[in-house]
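The file run-v7.csv contains CSV, C-alpha atoms:
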chain,number,residue,atom,x,y,z
E,197,MET,CA,143.2,10.4,-139.2
E,198,ASN,CA,146.4,12.1,-138.2
E,199,PHE,CA,145.8,14.9,-140.7
E,200,MET,CA,142.3,15.5,-139.2
E,201,ALA,CA,143.7,15.4,-135.7
E,202,ASP,CA,146.4,17.9,-136.6
E,203,ARG,CA,143.7,20.2,-138.0
E,204,GLU,CA,141.6,20.0,-134.9
E,205,ARG,CA,144.7,20.7,-132.7
E,206,THR,CA,145.5,23.7,-134.8
E,207,PHE,CA,141.9,25.0,-134.5
E,208,PHE,CA,141.7,24.6,-130.7
E,209,ASP,CA,145.2,25.9,-130.2
E,210,LYS,CA,144.0,29.1,-132.0
E,211,VAL,CA,140.9,29.3,-129.8
E,212,PHE,CA,142.9,29.2,-126.6
E,213,GLU,CA,145.5,31.6,-128.0
E,214,ASN,CA,142.7,34.0,-128.8
E,215,ASN,CA,141.4,33.6,-125.3
E,216,ARG,CA,144.8,34.5,-123.8
E,217,LYS,CA,145.0,37.6,-126.0
E,218,TRP,CA,141.4,38.6,-125.0
E,219,VAL,CA,142.3,38.2,-121.3
E,220,ALA,CA,145.4,40.2,-121.7
E,221,GLU,CA,143.6,43.0,-123.6
E,222,LYS,CA,140.8,43.3,-121.0
E,223,SER,CA,143.2,43.2,-118.0
E,224,ALA,CA,145.4,45.9,-119.6
E,225,VAL,CA,142.4,48.2,-119.7
E,226,ASP,CA,141.0,47.2,-116.3
E,227,PRO,CA,143.1,44.9,-114.0
E,228,ALA,CA,139.9,44.2,-112.0
E,229,TYR,CA,137.8,43.4,-115.0
E,230,PHE,CA,137.5,39.7,-114.4
E,231,SER,CA,137.1,39.9,-110.6
E,232,LYS,CA,134.2,42.3,-111.2
E,233,LEU,CA,132.7,40.0,-113.8
E,234,ALA,CA,132.8,37.1,-111.4
E,235,GLU,CA,130.8,39.0,-108.8
E,236,GLY,CA,127.5,38.4,-110.7
E,237,GLN,CA,125.4,39.5,-113.6
E,238,ASN,CA,122.8,42.3,-114.0
E,239,PRO,CA,121.7,42.3,-117.6
E,240,GLU,CA,118.9,44.6,-118.8
E,241,VAL,CA,118.2,42.6,-121.9
E,242,LEU,CA,117.1,39.0,-122.7
E,243,PHE,CA,118.0,38.3,-126.3
E,244,VAL,CA,116.4,35.2,-128.0
E,245,GLY,CA,118.0,34.6,-131.3
E,246,CYS,CA,118.7,31.9,-133.9
E,247,SER,CA,121.4,29.3,-133.5
E,248,ASP,CA,122.8,30.1,-136.9
E,249,SER,CA,126.5,30.5,-136.7
E,250,ARG,CA,126.4,33.8,-138.5
E,251,VAL,CA,124.3,35.5,-135.9
E,252,SER,CA,126.4,36.4,-132.9
E,253,ALA,CA,124.1,38.3,-130.4
E,254,GLU,CA,126.7,40.3,-128.5
E,255,GLU,CA,128.8,41.1,-131.5
E,256,LEU,CA,126.0,42.5,-133.7
E,257,MET,CA,124.8,44.7,-130.8
E,258,GLY,CA,128.3,45.7,-129.7
E,259,ALA,CA,127.5,44.4,-126.2
E,260,HIS,CA,130.0,43.3,-123.5
E,261,PRO,CA,129.9,40.3,-121.2
E,262,GLY,CA,127.3,40.8,-118.5
E,263,GLU,CA,125.1,43.1,-120.5
E,264,VAL,CA,122.8,40.6,-122.3
E,265,PHE,CA,121.3,37.3,-121.3
E,266,VAL,CA,121.2,35.2,-124.4
E,267,HIS,CA,119.2,32.2,-125.5
E,268,ARG,CA,119.5,30.7,-129.0
E,269,ASN,CA,117.7,27.9,-130.8
E,270,ILE,CA,116.6,27.1,-134.4
E,271,SER,CA,114.6,30.0,-135.7
E,272,ASN,CA,114.5,31.9,-132.4
E,273,MET,CA,111.4,30.1,-131.0
E,274,VAL,CA,109.7,30.5,-127.7
E,275,GLY,CA,107.3,27.5,-127.7
E,276,SER,CA,104.8,26.7,-125.0
E,277,THR,CA,106.2,23.2,-124.5
E,278,ASP,CA,109.9,24.1,-124.8
E,279,LEU,CA,111.1,23.9,-121.2
E,280,ASN,CA,114.5,25.1,-122.2
E,281,ALA,CA,113.3,28.4,-123.7
E,282,LEU,CA,110.6,28.9,-121.0
E,283,SER,CA,113.2,28.3,-118.3
E,284,VAL,CA,115.4,31.0,-119.8
E,285,VAL,CA,112.4,33.4,-120.0
E,286,GLU,CA,111.4,32.5,-116.4
E,287,TYR,CA,114.9,33.2,-115.0
E,288,ALA,CA,115.6,36.3,-117.1
E,289,ILE,CA,112.3,38.0,-116.1
E,290,GLY,CA,111.7,36.5,-112.7
E,291,ALA,CA,115.2,36.4,-111.2
E,292,LEU,CA,117.3,38.8,-113.3
E,293,GLN,CA,114.4,41.2,-113.8
E,294,VAL,CA,115.4,42.3,-117.3
E,295,LYS,CA,113.9,45.5,-118.6
E,296,HIS,CA,113.7,44.3,-122.2
E,297,VAL,CA,113.1,41.1,-124.1
E,298,VAL,CA,114.3,41.0,-127.7
E,299,ILE,CA,113.3,38.3,-130.1
E,300,CYS,CA,115.7,38.5,-133.1
E,301,GLY,CA,115.3,36.5,-136.3
E,302,HIS,CA,117.4,36.9,-139.4
E,303,TYR,CA,116.7,37.0,-143.1
E,304,GLY,CA,117.9,33.8,-144.8
E,305,CYS,CA,116.9,31.6,-141.8
E,306,GLY,CA,117.3,28.0,-142.7
E,307,GLY,CA,114.6,26.8,-140.3
E,308,VAL,CA,112.0,29.2,-141.7
E,309,LYS,CA,112.9,28.2,-145.3
E,310,ALA,CA,112.7,24.5,-144.4
E,311,ALA,CA,109.2,25.1,-142.8
E,312,MET,CA,108.1,26.6,-146.1
E,313,GLN,CA,108.9,23.3,-148.0
E,314,ALA,CA,106.8,20.1,-148.2
E,315,GLN,CA,109.3,17.6,-146.9
E,316,ASP,CA,109.8,15.1,-144.1
E,317,LEU,CA,112.7,16.3,-142.0
E,318,GLY,CA,112.4,13.7,-139.2
E,319,LEU,CA,113.1,15.0,-135.7
E,320,LEU,CA,112.8,18.6,-137.0
E,321,ASN,CA,109.2,18.1,-138.0
E,322,PRO,CA,107.5,19.0,-134.7
E,323,TRP,CA,109.9,22.0,-134.3
E,324,LEU,CA,109.2,23.3,-137.8
E,325,ARG,CA,105.5,22.7,-137.3
E,326,ARG,CA,105.5,25.8,-135.0
E,327,ILE,CA,106.7,27.9,-137.9
E,328,ARG,CA,104.2,26.4,-140.2
E,329,ASP,CA,101.5,27.3,-137.7
E,330,VAL,CA,102.8,30.9,-138.1
E,331,TYR,CA,102.3,30.6,-141.8
E,332,ARG,CA,98.8,29.2,-141.2
E,333,LEU,CA,97.9,32.2,-139.0
E,334,HIS,CA,99.0,34.7,-141.6
E,335,ARG,CA,98.3,32.7,-144.8
E,336,ALA,CA,96.2,35.3,-146.5
E,337,GLU,CA,98.9,37.9,-146.2
E,338,LEU,CA,101.7,35.5,-147.2
E,339,ASP,CA,99.9,33.9,-150.1
E,340,ALA,CA,99.3,37.4,-151.5
E,341,ILE,CA,103.0,38.0,-151.9
E,342,ALA,CA,104.0,36.8,-155.4
E,343,ASP,CA,107.8,37.0,-155.0
E,344,ASP,CA,109.2,33.9,-153.2
E,345,HIS,CA,112.0,35.8,-151.5
E,346,GLU,CA,109.8,38.6,-150.3
E,347,ARG,CA,107.4,36.0,-148.9
E,348,TYR,CA,110.3,34.2,-147.2
E,349,ASP,CA,111.5,37.5,-145.6
E,350,ARG,CA,108.0,38.3,-144.4
E,351,LEU,CA,107.6,34.9,-142.8
E,352,VAL,CA,110.8,35.5,-140.9
E,353,GLU,CA,109.3,38.8,-139.6
E,354,LEU,CA,106.0,37.3,-138.7
E,355,ASN,CA,107.7,34.4,-136.9
E,356,VAL,CA,109.6,36.9,-134.8
E,357,GLU,CA,106.4,38.8,-133.9
E,358,GLU,CA,104.6,35.5,-132.9
E,359,GLN,CA,107.4,34.6,-130.6
E,360,CYS,CA,107.1,38.0,-129.0
E,361,ILE,CA,103.4,37.2,-128.4
E,362,ASN,CA,104.4,33.9,-126.9
E,363,VAL,CA,106.6,35.7,-124.4
E,364,ILE,CA,103.7,37.9,-123.4
E,365,LYS,CA,101.5,34.8,-122.8
E,366,THR,CA,103.8,33.5,-120.1
E,367,ALA,CA,102.8,33.8,-116.4
E,368,VAL,CA,106.2,35.2,-115.4
E,369,PHE,CA,105.9,38.0,-117.9
E,370,GLN,CA,102.3,38.8,-116.9
E,371,LYS,CA,103.2,38.9,-113.2
E,372,ALA,CA,106.2,41.1,-113.7
E,373,TYR,CA,104.4,43.5,-116.0
E,374,LEU,CA,101.5,44.0,-113.7
E,375,LYS,CA,103.9,44.8,-110.9
E,376,THR,CA,106.6,46.9,-112.6
E,377,ARG,CA,105.3,47.7,-116.2
E,378,ALA,CA,108.4,45.8,-117.4
E,379,PRO,CA,109.8,44.2,-119.4
E,380,ALA,CA,109.1,45.6,-122.8
E,381,VAL,CA,109.1,43.2,-125.7
E,382,HIS,CA,110.9,44.0,-129.0
E,383,ALA,CA,110.9,42.3,-132.5
E,384,TRP,CA,114.1,42.6,-134.5
E,385,VAL,CA,115.5,41.0,-137.6
E,386,PHE,CA,119.2,40.8,-138.5
E,387,ASP,CA,119.8,41.4,-142.2
E,388,MET,CA,123.1,39.7,-142.8
E,389,ARG,CA,123.1,41.0,-146.4
E,390,THR,CA,123.8,44.4,-145.0
E,391,GLY,CA,124.9,43.7,-141.4
E,392,ARG,CA,122.1,45.9,-140.0
E,393,LEU,CA,119.5,45.2,-137.3
E,394,VAL,CA,116.0,46.0,-138.4
E,395,ASP,CA,113.5,47.1,-135.8
E,396,LEU,CA,110.0,45.7,-136.8
E,397,HIS,CA,108.4,48.2,-134.4
E,398,PHE,CA,106.3,45.5,-132.7
E,399,ASP,CA,103.0,46.8,-131.5
E,400,PHE,CA,103.8,45.9,-127.9
E,401,ALA,CA,100.9,47.9,-126.3
E,402,GLY,CA,98.4,46.6,-128.8
E,403,LYS,CA,99.4,43.0,-128.6
E,404,LEU,CA,99.5,43.2,-124.8
E,405,GLY,CA,95.9,44.3,-124.8
E,406,GLU,CA,94.9,41.4,-127.0
E,407,ILE,CA,96.8,38.9,-125.0
E,408,ARG,CA,95.2,40.1,-121.7
E,409,GLN,CA,91.7,39.6,-123.2
E,410,ILE,CA,92.4,36.0,-124.3
E,411,TYR,CA,95.4,34.6,-122.4
E,412,ASP,CA,95.0,36.4,-119.0
E,413,LEU,CA,96.2,33.9,-116.3
E,414,GLY,CA,94.6,35.8,-113.5
E,415,THR,CA,98.0,36.9,-112.2
E,416,SER,CA,96.6,40.0,-110.7
E,417,LEU,CA,94.8,38.0,-108.0

Would you write the structure of this file as C-alpha cells?
Amino acid sequence: MNFMADRERTFFDKVFENNRKWVAEKSAVDPAYFSKLAEGQNPEVLFVGCSDSRVSAEELMGAHPGEVFVHRNISNMVGSTDLNALSVVEYAIGALQVKHVVICGHYGCGGVKAAMQAQDLGLLNPWLRRIRDVYRLHRAELDAIADDHERYDRLVELNVEEQCINVIKTAVFQKAYLKTRAPAVHAWVFDMRTGRLVDLHFDFAGKLGEIRQIYDLGTSL
C-alpha cells in the first residue's frame, strides 16, 4: 500500500510541478495572460471528440485555452437522449454562438470496435447500440468491404458523419442557422498512426437540405 501511495504522490507532485512551470512560462510571455483568461471565453469552435486518452483536442489542433469549447465521450457521440452532450451543444451554439462544430473521431476507436463485435458489455450496451445503428444504416456499404481493418476505419468515418447529422437535427442548431447561417458542421478523423487530422469533407449543405425536409422543427415560425 505504501509503495502505491508513493507512486501516486510522485505522479501528482509531477502534475502540480508541470502546472507551476506552465504558469511561469505563460506569465513570462504575457504577465496579464491569466487575468485576461479569467474575463471570459469566446471560442469559435465546438469540438466533440472521443474520451480516448490518446486524443487531446487542443494539442492535436495546436489550440490555446479559450479557443475551443470541448466535449468528449466514448466514440464522440451526440445522441438524442444524451442530456450531457445536448447541453454542451445547446450552450455552445445558443450562448457562445460558435461558428463551427467539429465532430472528430479517431481510427482505432475502442467503442466502434466493441460495437462491431457480438458480445454483452453490460452498461455499455445501450451506448454502443447507437454505433450499431450506424452500421445498420450503412450495412450495404460496410458489408461490401472485405478487409476487416478497412471496414473498421470506414465505420469510424460513418459514425462521425452521423453525429454531424445529429447536431443538425437539434433545435438550437436550426434556430441559429436560420438566423445567422452559422455554425458550419465539420467531420474529422484523427489518425493516430500518422498524427494527422483527416477532413472527411462532410457534405454539410447537402445533409442540411435533407434534414430540413425530414426533421424540420418549424423553427422559422

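Candidate residues E:Lys371, E:Arg392, E:Arg335, E:Lys365 were compared for distance to Arg408 (chain E), and the nearest is E:Lys365, using all atoms listed in the file.
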
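Interatomic distance, CA of Leu282 (chain E) to CA of Gly306 (chain E): 22.7 Å.
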
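When all atoms listed in the file are used to measure the gap to Ile270 (chain E), the shortest distance among E:Leu320, E:Val297, E:Leu242, E:Ala224 belongs to E:Leu320.
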
Need to verify the contact set: region 336-343 of chain E, 12 Å, all atoms listed in the file, exclusion of same-chain residues closer than 5 positions in sequence. Can you return it as JSON, numbers by chain?
{"E": [312, 328, 330, 331, 348, 349, 350, 351, 352, 353, 354, 355]}

List every residue of region 323-413 of chain E that has an atom at most 12 Å from any atom of region 252-259 of chain E, and for each one report the closest atom pair and its distance in Å to one decimal, counting all atoms listed in the file, with rows sorted by chain and then by increasing residue number, as a tab-separated table.
residue	atom	partner	partner_atom	distance
E:Trp384	CA	E:Met257	CA	11.5
E:Val385	CA	E:Leu256	CA	11.3
E:Phe386	CA	E:Leu256	CA	8.5
E:Asp387	CA	E:Leu256	CA	10.6
E:Met388	CA	E:Leu256	CA	10.0
E:Thr390	CA	E:Leu256	CA	11.7
E:Gly391	CA	E:Leu256	CA	7.9
E:Arg392	CA	E:Leu256	CA	8.2
E:Leu393	CA	E:Leu256	CA	7.9
E:Val394	CA	E:Leu256	CA	11.6

For Phe265 (chain E), find every residue with an atom within 8 Å (counting all atoms listed in the file), except residues of its own chain fewer than 3 positions away, and show them as a PyMOL selection string.
chain E and resi 239+241-243+262+288

Go ahead and compute the interatomic distance for CA of Phe369 (chain E) and CA of Arg268 (chain E), in Å to one decimal.
19.0 Å

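If you measure from each of E:Asp395, E:Leu279, E:Val285, E:Glu240 to Val264 (chain E) using all atoms listed in the file, the closest one turns out to be E:Glu240.
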
Could you name the residues that touch Leu233 (chain E) at 8 Å or less, counting only C-alpha atoms, but leaving out those on the same chain fewer than 3 positions away, as a PDB file with C-alpha atoms, in the frame of the given file?
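Writing done, so here's part15.pdb:
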ATOM      1  CA  TYR E 229     137.800  43.400-115.000  1.00  0.00           C
ATOM      2  CA  PHE E 230     137.500  39.700-114.400  1.00  0.00           C
ATOM      3  CA  GLY E 236     127.500  38.400-110.700  1.00  0.00           C
ATOM      4  CA  GLN E 237     125.400  39.500-113.600  1.00  0.00           C
ATOM      5  CA  PRO E 261     129.900  40.300-121.200  1.00  0.00           C
ATOM      6  CA  GLY E 262     127.300  40.800-118.500  1.00  0.00           C
TER       7      GLY E 262
END

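The space separating CA of Ala401 (chain E) from CA of His296 (chain E) comes to 13.9 Å.
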
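Of the listed residues E:Ile407, E:Val363, E:Ala234, E:Leu396, the one whose atoms come nearest to Ala380 (chain E) is E:Val363, with distances taken using all atoms listed in the file.
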
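When only C-alpha atoms are used to measure the gap to Val368 (chain E), the shortest distance among E:Ser283, E:Gln313, E:Gln409, E:Thr277 belongs to E:Ser283.
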
Compare E:Arg325, E:Glu346, E:Lys210, E:Arg205 by their minimum atom-to-atom distance to Gly304 (chain E), counting only C-alpha atoms, and give me the closest one.
E:Glu346

Can you fill out region 295-326 of chain E with N, CA and C atoms and hand it back as a PDB file, in the frame of the given file?
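Output saved as rebuild.pdb:
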ATOM      1  N   LYS E 295     114.790  44.377-118.211  1.00  0.00           N
ATOM      2  CA  LYS E 295     113.900  45.500-118.600  1.00  0.00           C
ATOM      3  C   LYS E 295     113.346  45.314-120.004  1.00  0.00           C
ATOM      4  N   HIS E 296     114.050  44.503-120.809  1.00  0.00           N
ATOM      5  CA  HIS E 296     113.700  44.300-122.200  1.00  0.00           C
ATOM      6  C   HIS E 296     113.845  42.876-122.621  1.00  0.00           C
ATOM      7  N   VAL E 297     112.920  42.400-123.452  1.00  0.00           N
ATOM      8  CA  VAL E 297     113.100  41.100-124.100  1.00  0.00           C
ATOM      9  C   VAL E 297     113.091  41.332-125.589  1.00  0.00           C
ATOM     10  N   VAL E 298     114.145  40.852-126.238  1.00  0.00           N
ATOM     11  CA  VAL E 298     114.300  41.000-127.700  1.00  0.00           C
ATOM     12  C   VAL E 298     114.223  39.638-128.335  1.00  0.00           C
ATOM     13  N   ILE E 299     113.304  39.486-129.275  1.00  0.00           N
ATOM     14  CA  ILE E 299     113.300  38.300-130.100  1.00  0.00           C
ATOM     15  C   ILE E 299     113.911  38.764-131.465  1.00  0.00           C
ATOM     16  N   CYS E 300     114.993  38.112-131.867  1.00  0.00           N
ATOM     17  CA  CYS E 300     115.700  38.500-133.100  1.00  0.00           C
ATOM     18  C   CYS E 300     115.849  37.383-134.048  1.00  0.00           C
ATOM     19  N   GLY E 301     115.157  37.496-135.176  1.00  0.00           N
ATOM     20  CA  GLY E 301     115.300  36.500-136.300  1.00  0.00           C
ATOM     21  C   GLY E 301     116.346  37.067-137.254  1.00  0.00           C
ATOM     22  N   HIS E 302     116.479  36.387-138.366  1.00  0.00           N
ATOM     23  CA  HIS E 302     117.400  36.900-139.400  1.00  0.00           C
ATOM     24  C   HIS E 302     116.894  36.430-140.772  1.00  0.00           C
ATOM     25  N   TYR E 303     117.046  37.323-141.737  1.00  0.00           N
ATOM     26  CA  TYR E 303     116.700  37.000-143.100  1.00  0.00           C
ATOM     27  C   TYR E 303     117.678  35.863-143.567  1.00  0.00           C
ATOM     28  N   GLY E 304     117.148  34.937-144.346  1.00  0.00           N
ATOM     29  CA  GLY E 304     117.900  33.800-144.800  1.00  0.00           C
ATOM     30  C   GLY E 304     117.941  32.657-143.768  1.00  0.00           C
ATOM     31  N   CYS E 305     116.987  32.662-142.853  1.00  0.00           N
ATOM     32  CA  CYS E 305     116.900  31.600-141.800  1.00  0.00           C
ATOM     33  C   CYS E 305     116.584  30.262-142.412  1.00  0.00           C
ATOM     34  N   GLY E 306     117.472  29.299-142.179  1.00  0.00           N
ATOM     35  CA  GLY E 306     117.300  28.000-142.700  1.00  0.00           C
ATOM     36  C   GLY E 306     116.065  27.251-142.160  1.00  0.00           C
ATOM     37  N   GLY E 307     115.774  27.479-140.872  1.00  0.00           N
ATOM     38  CA  GLY E 307     114.600  26.800-140.300  1.00  0.00           C
ATOM     39  C   GLY E 307     113.311  27.322-140.878  1.00  0.00           C
ATOM     40  N   VAL E 308     113.215  28.629-141.099  1.00  0.00           N
ATOM     41  CA  VAL E 308     112.000  29.200-141.700  1.00  0.00           C
ATOM     42  C   VAL E 308     111.879  28.692-143.151  1.00  0.00           C
ATOM     43  N   LYS E 309     112.989  28.637-143.868  1.00  0.00           N
ATOM     44  CA  LYS E 309     112.900  28.200-145.300  1.00  0.00           C
ATOM     45  C   LYS E 309     112.502  26.699-145.308  1.00  0.00           C
ATOM     46  N   ALA E 310     113.029  25.879-144.396  1.00  0.00           N
ATOM     47  CA  ALA E 310     112.700  24.500-144.400  1.00  0.00           C
ATOM     48  C   ALA E 310     111.172  24.294-144.062  1.00  0.00           C
ATOM     49  N   ALA E 311     110.642  25.158-143.198  1.00  0.00           N
ATOM     50  CA  ALA E 311     109.200  25.100-142.800  1.00  0.00           C
ATOM     51  C   ALA E 311     108.319  25.422-144.011  1.00  0.00           C
ATOM     52  N   MET E 312     108.838  26.157-144.985  1.00  0.00           N
ATOM     53  CA  MET E 312     108.100  26.600-146.100  1.00  0.00           C
ATOM     54  C   MET E 312     107.998  25.456-147.209  1.00  0.00           C
ATOM     55  N   GLN E 313     108.770  24.401-147.012  1.00  0.00           N
ATOM     56  CA  GLN E 313     108.900  23.300-148.000  1.00  0.00           C
ATOM     57  C   GLN E 313     108.146  22.085-147.540  1.00  0.00           C
ATOM     58  N   ALA E 314     107.538  21.375-148.463  1.00  0.00           N
ATOM     59  CA  ALA E 314     106.800  20.100-148.200  1.00  0.00           C
ATOM     60  C   ALA E 314     107.778  18.974-148.173  1.00  0.00           C
ATOM     61  N   GLN E 315     108.366  18.682-147.034  1.00  0.00           N
ATOM     62  CA  GLN E 315     109.300  17.600-146.900  1.00  0.00           C
ATOM     63  C   GLN E 315     109.364  17.047-145.517  1.00  0.00           C
ATOM     64  N   ASP E 316     109.697  15.752-145.418  1.00  0.00           N
ATOM     65  CA  ASP E 316     109.800  15.100-144.100  1.00  0.00           C
ATOM     66  C   ASP E 316     111.251  15.317-143.617  1.00  0.00           C
ATOM     67  N   LEU E 317     111.394  16.004-142.502  1.00  0.00           N
ATOM     68  CA  LEU E 317     112.700  16.300-142.000  1.00  0.00           C
ATOM     69  C   LEU E 317     112.949  15.583-140.617  1.00  0.00           C
ATOM     70  N   GLY E 318     112.206  14.507-140.401  1.00  0.00           N
ATOM     71  CA  GLY E 318     112.400  13.700-139.200  1.00  0.00           C
ATOM     72  C   GLY E 318     112.201  14.393-137.919  1.00  0.00           C
ATOM     73  N   LEU E 319     113.211  14.388-137.050  1.00  0.00           N
ATOM     74  CA  LEU E 319     113.100  15.000-135.700  1.00  0.00           C
ATOM     75  C   LEU E 319     112.759  16.453-135.755  1.00  0.00           C
ATOM     76  N   LEU E 320     113.114  17.114-136.843  1.00  0.00           N
ATOM     77  CA  LEU E 320     112.800  18.600-137.000  1.00  0.00           C
ATOM     78  C   LEU E 320     111.369  18.852-137.210  1.00  0.00           C
ATOM     79  N   ASN E 321     110.600  17.843-137.610  1.00  0.00           N
ATOM     80  CA  ASN E 321     109.200  18.100-138.000  1.00  0.00           C
ATOM     81  C   ASN E 321     108.391  18.816-136.912  1.00  0.00           C
ATOM     82  N   PRO E 322     108.369  18.330-135.658  1.00  0.00           N
ATOM     83  CA  PRO E 322     107.500  19.000-134.700  1.00  0.00           C
ATOM     84  C   PRO E 322     108.049  20.441-134.360  1.00  0.00           C
ATOM     85  N   TRP E 323     109.352  20.669-134.489  1.00  0.00           N
ATOM     86  CA  TRP E 323     109.900  22.000-134.300  1.00  0.00           C
ATOM     87  C   TRP E 323     109.451  22.959-135.365  1.00  0.00           C
ATOM     88  N   LEU E 324     109.594  22.506-136.614  1.00  0.00           N
ATOM     89  CA  LEU E 324     109.200  23.300-137.800  1.00  0.00           C
ATOM     90  C   LEU E 324     107.734  23.529-137.880  1.00  0.00           C
ATOM     91  N   ARG E 325     106.972  22.607-137.296  1.00  0.00           N
ATOM     92  CA  ARG E 325     105.500  22.700-137.300  1.00  0.00           C
ATOM     93  C   ARG E 325     105.060  24.034-136.686  1.00  0.00           C
ATOM     94  N   ARG E 326     105.809  24.507-135.703  1.00  0.00           N
ATOM     95  CA  ARG E 326     105.500  25.800-135.000  1.00  0.00           C
ATOM     96  C   ARG E 326     105.582  26.935-136.028  1.00  0.00           C
TER      97      ARG E 326
END
